[in-house]
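Asks: Let me begin by handing over the structure; questions about it come next.
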Amino acid sequence: RSTDEVTAAAEPVTPAEPPAATPLPDVRIDTLRVADGLVRVVDRTMQPFFSGGVKAFTLDTRGLRYPPGTVEKLTLGATALTRGRLSATARRGAAGTRVELDAKDVALEPFNPYATHYSPYSIESGALSMATRVTARGTAYDSTTSITLERFDLGGKEGDALFNEQFGVSLEVALALLRDLQGRIVLDVPMAGDERGSEVGVKTVVAQALRRALVNALASPLKLVGAAFGGKGEAVAPAPISFAVGRAEPTEAGAAAI
């Protein structure tokens, strides 16, 4: 090798400097109002694709600043195109920013494309009501979410087989045991986070799910009878036994029922 080649090889290579970070835009909105709006969403990343949206959309925002991501006051309301009502409020105070999110009787069937695309289950029926309360202080926040599922049912043979393999009972029985006497499934989900990330109280959710399943089963023991005989965990009752009027002897049909 020539002297020039050796000298060039010995020279240190200076690493390229990383590109300068693009500064975040400084957004300041004093007042923003929207009345009677319509928002449509079509997601074609899956088959069948998702189509939904909201109508009667109203928004009143005051004192929005980003960064740091604060708002003096925010009020939002909308009605789902299928069924259900959505609302949100936010207000900044001395103790931090308080955010309230509510959803009432939102139909879940339209979201079935997401369920079948990302899981082995399908949504056969159900409506969602949800209430979320968030308190934010700087980059930290605490939240509690109460979720109520009414007339909720899942399907899918693959998902049911997987659930049975993991938990030893069918998905239908598990959902039936979680339902209360009004047929609702109620769960509370605590969540907290800061600049390091978010944390969901999984143990709390699992514990309350097990507790409510036991309470619901004890409140309606016939659910356990239905589950024991291979049903969906729904309450079963024996056939009525007819007796002769004013007599202690059963009729012919009553005797057959016995």
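The chains in the structure tokens are called A, B, ... from first to last as shown; in each chain the residues are counted from 1, and the ligands are counted from 1 in the order shown.
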I need the residues in range 59-205 of chain A that are strand (DSSP E) according to DSSP; give them as an NGL selection string.
Replies: :A and (59-66 or 70-80 or 85-93 or 96-107 or 122-137 or 140-155 or 184-194 or 197-200)
Asks: I'd like to know which residues of range 62-166 of chain A are helix (DSSP H, G or I) (by DSSP, run on the backbone); could you write them as a PyMOL selection string?
Replies: chain A and resi 109-118+157-166
Asks: When distances are computed from only C-alpha atoms, which of A:Arg65, A:Arg137, A:His117, A:Arg247 shows the smallest separation from Gly96 in chain A?
Replies: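 So, comparing all the options, the nearest one is A:Arg137.
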Asks: For Ser198 in chain A, which residue among A:Ala140, A:Ile147, A:Ala256, A:Val41 is the nearest when counting only C-alpha atoms?
Replies: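 Ranking A:Ala140, A:Ile147, A:Ala256, A:Val41 by distance to Ser198 in chain A, first place goes to A:Ala140.
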Asks: Could you check how far CA of Asp43 in chain A sits from CA of Asn112 in chain A, in Å to one decimal?
Replies: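 Spanning CA of Asp43 in chain A to CA of Asn112 in chain A is a straight-line distance of 12.4 Å.
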